[in-house]
Structures are given as C-alpha cells and as structure tokens.
Amino acid sequence: MSEETLSTLLKEERKFLPRKEVIERATVKDWEKVIKEAAENPLKFWEEAAREMEWFQKWEKVLDDSNKPFFRWFVGGKCNITVNAVDRHLKTRANKVAILFEGEPGDVRKITYAELHKEVCKFANALKNLGVKKGDRVTTYLPNIPEQAITMLACARIGAIHSVVYAGFSKEALRDRIVDAEAKVVVTADGTFRRGKTILLKPTVDEAVAACPSVEKVVVVKRANADVKMQPGKDFWYHELVAKESGECKAEVMEATDPLFILYTSGTTGKPKGVVHVHGGYMVGVHRTMKWIFDIKEEDIYWCTADAGWITGHSYIVYGPLMVGTTTIMSEAVPDYPQPDRWWSMVEKHKVTVFYTAPTAIRAMMKNGEEWPNKHDLSTLRLLGSVGEPINPEAWHWYYRVIGKEKCPIMDTWWQTETGMILITPLPVSPLKPGSATKPFPGIIADIVDGSGKSLPANQGGFLVIKSPWPAMMATIYKDPDRYVQTYWKKLPGDFYVAGDVARRDEDGYFWVQGRADDVLKISGHRIGTMEVESAFVSHPAVAEAAVVGVPDEVKGEVIKAYVILKAGQKSSPDLAEDIKKHVRKELGPVAVIKDIEFRDKLPKTRSGKIMRRVLKAEATGKPIGDITTLED
Ligand code: PRX
C-alpha cells in the first residue's frame, strides 16, 4: 500500500466537526435531534415542510398508501410549482437576480425574479398558441442556458409535462426519448459553444424529429448565431414567438399528484426509463432539502455545475434554488476551457458562496494542480457539495483543503433521478467523514439488507434500501407502471424501495455507498445503460455481438471496455477498432467514453443466453469473479 493511500485511510477515520460560524448561521442546529424527531413522525415532518409552500388549496391527506408502491402525496392539494419558484418572490425580491448566466465565450446575463416571471409567462403563452395543452409533453434539447430553465417553468406553468434531454446525447437517443414521450413540441437551440467551437444542435433535432410523428412544432432559441435551416410552418424562432406574447399567464391549477416532468434514465436492460415526477411532493421535498442542506440565506450566490439535462439540474439548478429565492448560476463553461481555472475565475467574479459539483470534476482539477485555484480569491465560498458518485477520500481532502480552505463543510449528497431529492446527506452542522454521505435526511429511513431482505449489522456490505416513502419520490415509469414495480420494489423480498446500490453502514450509523449493484455504468457521474451502449456497438456493420463493462478510471470514475464479436468474414484490426469507437461515439454522443475494444470469438453466457458481464468485469479489473455456477461454458 502506498504511503499516500495509507495516510488517507488513516485520515478517513478522522471526523470533521463543524466550525462555530457554521453552527451559528445554520437553520438546523441539532442534526441528531431533528433526525430523531422526524423519525418518530415522518408524516408530521413532511406536512410541516409542505406548509412552507404556497398552495391554491390545502391537501386532504398527507400520504395515500392504499395502492403501494404508487404512493400519492398531499392528495387533494392543488398547487403549481411555478408559483413557488417564481410568483411568490415578486413581493419580496422582484429585483433580485434569479438566474445568473455565464456563457462559454464569457457573455453574462442576469435575469431578475420579475424578469423571470415575465419570460416564463411569455413562453407559456407561446406554447399555448402552438397548441400545447395541459398534460401534453414537450421535449427540450437545449444547452445549459436560461431558456432551458424558462422552458421547463413555462411547461409547468400551463400543466404541460417537460422531458429534458441532455444536449450531449445523440440523435438516436433523442429520437427514442421523443418517441416514448410522444412529444408534441420540441424546444432546441441553433447551437451552443464547447471548447471554443460552435456545436450545432438544430440539425440533430431535425434528424431525430424526422422519425417522430408526434412532433408538430419545433422552437429554436438563437444562441450561437448559426446558419440553420428553418422549415416554414414547423420551425419557429423562440425570440419571434415571445416578442408577440403578454408577460402575464395564470398558473394552471394542478393536482398535487399531477405529473410535472419525465426524465429518462438508463438501466441495465431495455430502453431508458421515463421517470415521472409530480408537482406537489416534488416541490415539497426539493424545497426542504435545498433549504436545509445548502442552508440558503438571502445573501447567497449558489452554483451547481451540473447541466439542467440531468436530475441534479432539474432539482438543484432550476426548481430548488428558485423555490428558496436564491441566485442560481447556469453556465455552458467546462472547468478547463480556455484554462484550467475557468470555474475558479467564475467563483471569484460572481462571489459564489455555495458550490455544488461532481467528484469527477474534482479529480480532473486535482490533476491540473492546485496552482490554478490558488490564482483566485475563493474566500466567498462557505459551503461545498458533491454528487453523482462516491467521492474518494483523496478527492474529498483536496476539495476541502484547496477549494474550501478548510473552512467549508462538504455536503456529500446521495440520491438518484428516481428519488427526485437528496436522501442521504449531511447538514452543514454534521460531523463529516470523508467518503461517507453520512446519514439519511430527516424523515427518511434507509437500511442495508442482504439478498433475502434482512437488515445487516454495522459494517457489512449489502443493498441500500429506503424503508419510508418520501415526498419527491417518482410516481411511476411513463407508460410502464409494471416496470416501476418490478425494478424498484420487487428485486428483493420486503416492503421497501431498492435503490440498486451497494453500501454499508458503520458503527456510527454513517452510510458508505460503494457503487451500483447492477451493470449500469457511471461515466463522469452520468448514468449510462449497458444496453444502450451495446446496441450502439451492434449497429456498426462489422459487429455481431458486444458486451460492455465499466472499468475504473482515475478521473472519470468509469470508462467503457468493450468485448466485440465480429460478423463472419470481418477481420479484426486496430483500424476497425478505431472505426467502431468513432461509430459508437456518434451514436451515443460524447458521454460514451471508450477506453478499449477487445475482439473475441465468444462471450461468457448463462445457459439461458444472457451475457455474464460480471465475468468480463472481473477479468478487466482483476477482481474475483464470484459465483459462476450459471456460466454455460
Ligand atoms: O450509484 C449512485 C450514484 O448515482 C446513482 C444515481 O444516478 P443518477 O440517477 O444519474 O443521479 C445522479 C445525481 C443525483 C446512485 O444510484 N450516486 C449519486 N450520488 C452519490 C452516488 N454514489 C455515492 N455517493 C453519492 N453522493
């Protein structure tokens, strides 16, 4: 064992206690007490959280669990999340900046709450005029620009359901998601900027939409001043549409249980799952976690570096920050362009106080060296956050020391697209252990169980499960309720939600999440389904069959190693491997990072013909294989 690993392991035993200043400003001062009280009566806890929101009509029942696992929160309540994210601030902070945008070229735009209200209403009216009605689906394929947030809010305003697709995905991925959602309208941009280059988005949308009969209209935001083809009667410029509209649009009165959005996420098998979230419960859960974990106060400037195309962006760039009335930063900028200090220059320039990012970004910046952050005044920072994958203690310590100057607590937040809100996390006053997301948020009951569903004692690895329903939980999988039940509630015997992660709980009740229990890949914190990647391989004309596994990567967490069987008559060569790599990247978009391709004559399979990726993974990573009694050959 190297000196460094050893010292990190020793340090891992250290607890980091909150400083006096942190405790003084904290909304919640006694973490353990709040957890205990909430555990005694979780429904009372969440009902109190719901009272902090504005409702058109109060709920009749906090939780309806008569049709498990289709839990329904705040039944009878009527609300609209945009009232809480926008309208309620008009009285007290109309001229406060709601969205602070910095584009990759360095252009800055500041949108106040009053302006945001007007913009959301205008685009909501425009959508109505395009024929979008309550319950209709609108897909977006947009860069991380304010119009992304405005479109989401405009949909919510009129009761339409948004389905945001990350603009790094390929046309095939976009097409599949539009088809599944049967979207009526797609909102995109002409292009975006990445590493000094213009990346066109509209042509990708054109190709995808050509195979989507449900799409009637396409709205295009002018972002890159690019020369794109517009089809009269079908394609509309965003700025031309909103110019004609009024800045007032009444929020549609929604049932608390009405769908707010669909967000697609990958699993091991089958097509991506359309995770459905609803207005009422989502609003309550995201608001409470945002307020307590990031401890937001009036003077904060909050920056979550995710893209709004992922759940982190939905909950903690758009809805959460706006509901608590803070200034939320949106940016196209990557951490290292034009130089490795881009993000730190933004922290300095915009006086960011709360910074929330992913371990992969931290590791990439560690590699570039601390001279880059050290060029900048980061003294405004008071709180740091991490999300998307386990943070390794080395990265935690670097983040704590170099970015937080040993004064900012790190909120290591565990959650999922499906959970909608953060479920396991410290609060600012919690004693921290590097690498642990600490304990379940108040009102959440988590456990570690074995394959038979039995609770495990401290320090035994097992499956992470959630034993109490929570307000922002997914409602179902779009058009596939049975898959919802099977995937999350039937994998293990017992009455609980199975998260799909392996973890352990230590003697202090701290949770240590180790990673996925299934074959889902985690590349740069993004969830990529093996099935989607494998089908991209197989769509190459030379490939007969493919199996992919994730192998550890120092910066990205995981990258793809592929095992490929060629079609008869094809000959393996480095050129062919290169060509297949290129093909897959084109099919899947830049999220798919392939480390290497190995040609094989055979793949390990079960007797029923399922590829045993576990065997390949063991081979690729040098780890033990485990039980192979089901292996055919
Ligand atoms: O494996 C866990 C990991 O990310 C998965 C959820 O991925 P996704 O739905 O894409 O959402 C990511 C952003 C919320 C989880 O099943 N994960 C997320 N956060 C953490 C984590 N693993 C360890 N520690 C975390 N803080």
# chains A, B, ... in the order shown; residues from 1 in each chain; ligands from 1

call {"tool": "residues_around", "arguments": {"residues": "range 221-231 of chain A", "least_positions_apart": "4", "cutoff": "7 Å", "atoms": "only C-alpha atoms", "output": "list in words"}}
result
Thr188, Ala189, Asp190, Gly191, Thr192, Thr198, Lys202, Asp235, Trp237, Tyr238 and His239 of chain A

call {"tool": "residues_near_ligand", "arguments": {"ligand": "ligand 1", "cutoff": "9 Å", "atoms": "only C-alpha atoms and all ligand atoms", "output": "NGL selection string"}}
result
:A and (265-266 or 310-313 or 358-359 or 386-391 or 411-422 or 424-425 or 435-437 or 499-503 or 512-517 or 520 or 522 or 525-528)

call {"tool": "atom_distance", "arguments": {"atom1": "CA of Lys58 in chain A", "atom2": "CA of Val86 in chain A"}}
result
19.5 Å

call {"tool": "residues_around", "arguments": {"residues": "Ala211 in chain A", "least_positions_apart": "5", "cutoff": "10 Å", "atoms": "only C-alpha atoms", "output": "number ranges by chain"}}
result
A: 172, 175-176, 178-179, 206

call {"tool": "closest_residue", "arguments": {"among": "A:Trp292, A:Trp59, A:Trp343, A:Tyr337", "to": "Gly196 in chain A", "atoms": "only C-alpha atoms"}}
result
A:Tyr337

call {"tool": "residues_around", "arguments": {"residues": "Ser246 in chain A", "least_positions_apart": "6", "cutoff": "9 Å", "atoms": "only C-alpha atoms", "output": "PyMOL selection string"}}
result
chain A and resi 118+121-122+125

call {"tool": "select_by_dssp", "arguments": {"residues": "range 273-316 of chain A", "states": "alpha helix (DSSP H)", "output": "PyMOL selection string"}}
result
chain A and resi 279-293+311-313

call {"tool": "write_last_selection", "arguments": {"atoms": "N, CA, C and O atoms", "output": "JSON list (two decimals), in the first residue's frame"}}
result
[["chain", "number", "residue", "atom", "x", "y", "z"],
["A", 279, "HIS", "N", -46.04, 17.48, -9.35],
["A", 279, "HIS", "CA", -45.93, 18.85, -8.82],
["A", 279, "HIS", "C", -45.76, 18.94, -7.31],
["A", 279, "HIS", "O", -44.80, 19.54, -6.81],
["A", 280, "GLY", "N", -46.71, 18.34, -6.54],
["A", 280, "GLY", "CA", -46.79, 18.63, -5.11],
["A", 280, "GLY", "C", -45.65, 18.05, -4.28],
["A", 280, "GLY", "O", -44.92, 18.78, -3.62],
["A", 281, "GLY", "N", -45.49, 16.73, -4.32],
["A", 281, "GLY", "CA", -44.48, 16.09, -3.49],
["A", 281, "GLY", "C", -43.08, 16.53, -3.89],
["A", 281, "GLY", "O", -42.24, 16.81, -3.02],
["A", 282, "TYR", "N", -42.83, 16.61, -5.17],
["A", 282, "TYR", "CA", -41.52, 17.03, -5.66],
["A", 282, "TYR", "C", -41.17, 18.42, -5.13],
["A", 282, "TYR", "O", -40.07, 18.66, -4.62],
["A", 283, "MET", "N", -42.16, 19.30, -5.21],
["A", 283, "MET", "CA", -41.97, 20.68, -4.77],
["A", 283, "MET", "C", -41.59, 20.73, -3.28],
["A", 283, "MET", "O", -40.65, 21.41, -2.88],
["A", 284, "VAL", "N", -42.28, 19.95, -2.47],
["A", 284, "VAL", "CA", -42.04, 19.97, -1.02],
["A", 284, "VAL", "C", -40.68, 19.36, -0.69],
["A", 284, "VAL", "O", -39.90, 19.94, 0.08],
["A", 285, "GLY", "N", -40.36, 18.21, -1.28],
["A", 285, "GLY", "CA", -39.11, 17.53, -0.96],
["A", 285, "GLY", "C", -37.89, 18.30, -1.44],
["A", 285, "GLY", "O", -36.88, 18.39, -0.71],
["A", 286, "VAL", "N", -37.98, 18.86, -2.62],
["A", 286, "VAL", "CA", -36.83, 19.59, -3.16],
["A", 286, "VAL", "C", -36.62, 20.90, -2.38],
["A", 286, "VAL", "O", -35.49, 21.28, -2.06],
["A", 287, "HIS", "N", -37.71, 21.56, -2.03],
["A", 287, "HIS", "CA", -37.60, 22.82, -1.28],
["A", 287, "HIS", "C", -36.95, 22.59, 0.08],
["A", 287, "HIS", "O", -36.02, 23.29, 0.47],
["A", 288, "ARG", "N", -37.43, 21.59, 0.80],
["A", 288, "ARG", "CA", -36.92, 21.36, 2.15],
["A", 288, "ARG", "C", -35.43, 20.97, 2.13],
["A", 288, "ARG", "O", -34.63, 21.45, 2.94],
["A", 289, "THR", "N", -35.05, 20.10, 1.22],
["A", 289, "THR", "CA", -33.64, 19.67, 1.16],
["A", 289, "THR", "C", -32.75, 20.84, 0.73],
["A", 289, "THR", "O", -31.67, 21.05, 1.28],
["A", 290, "MET", "N", -33.20, 21.60, -0.25],
["A", 290, "MET", "CA", -32.43, 22.77, -0.72],
["A", 290, "MET", "C", -32.16, 23.72, 0.44],
["A", 290, "MET", "O", -31.04, 24.18, 0.64],
["A", 291, "LYS", "N", -33.19, 24.00, 1.19],
["A", 291, "LYS", "CA", -33.11, 24.98, 2.27],
["A", 291, "LYS", "C", -32.21, 24.50, 3.41],
["A", 291, "LYS", "O", -31.40, 25.25, 3.93],
["A", 292, "TRP", "N", -32.34, 23.25, 3.78],
["A", 292, "TRP", "CA", -31.60, 22.77, 4.94],
["A", 292, "TRP", "C", -30.17, 22.35, 4.61],
["A", 292, "TRP", "O", -29.25, 22.61, 5.38],
["A", 293, "ILE", "N", -29.98, 21.69, 3.48],
["A", 293, "ILE", "CA", -28.64, 21.16, 3.18],
["A", 293, "ILE", "C", -27.69, 22.28, 2.76],
["A", 293, "ILE", "O", -26.56, 22.35, 3.21],
["A", 311, "ILE", "N", -30.96, 15.07, -13.57],
["A", 311, "ILE", "CA", -31.84, 15.33, -12.41],
["A", 311, "ILE", "C", -31.22, 16.38, -11.49],
["A", 311, "ILE", "O", -31.93, 17.20, -10.91],
["A", 312, "THR", "N", -29.90, 16.37, -11.34],
["A", 312, "THR", "CA", -29.26, 17.35, -10.46],
["A", 312, "THR", "C", -29.63, 18.76, -10.90],
["A", 312, "THR", "O", -29.91, 19.64, -10.09],
["A", 313, "GLY", "N", -29.64, 18.95, -12.21],
["A", 313, "GLY", "CA", -30.00, 20.27, -12.74],
["A", 313, "GLY", "C", -31.47, 20.59, -12.52],
["A", 313, "GLY", "O", -31.83, 21.73, -12.18]]

call {"tool": "select_by_dssp", "arguments": {"residues": "range 325-371 of chain A", "states": "strand (DSSP E)", "output": "list in words"}}
result
Thr327, Thr328, Ile329, Met330, Ser331, Val354, Phe355, Tyr356 and Thr357 of chain A

call {"tool": "residues_around", "arguments": {"residues": "Met531 in chain A", "least_positions_apart": "2", "cutoff": "10 Å", "atoms": "only C-alpha atoms", "output": "list in words"}}
result
Ser266, Gly267, Thr268, Thr269, Gly270, Lys271, Pro272, Asp519, Val520, Ile528, Gly529, Val533, Glu534, Ser535, Ala536, Phe537, Ala546, Ala547 and Val548 of chain A

call {"tool": "atom_distance", "arguments": {"atom1": "CA of Pro340 in chain A", "atom2": "CA of Tyr166 in chain A"}}
result
23.9 Å

call {"tool": "closest_residue", "arguments": {"among": "A:Leu241, A:Met366, A:Thr112, A:Leu142", "to": "Leu201 in chain A", "atoms": "only C-alpha atoms"}}
result
A:Leu142

call {"tool": "closest_residue", "arguments": {"among": "A:Trp344, A:Pro69, A:Phe355, A:Gln570", "to": "Glu370 in chain A", "atoms": "only C-alpha atoms"}}
result
A:Trp344

call {"tool": "residues_around", "arguments": {"residues": "Val28 in chain A", "least_positions_apart": "4", "cutoff": "9 Å", "atoms": "only C-alpha atoms", "output": "PyMOL selection string"}}
result
chain A and resi 23+34+292+295+427-429

call {"tool": "atom_distance", "arguments": {"atom1": "CA of Val218 in chain A", "atom2": "CA of Gly233 in chain A"}}
result
9.5 Å
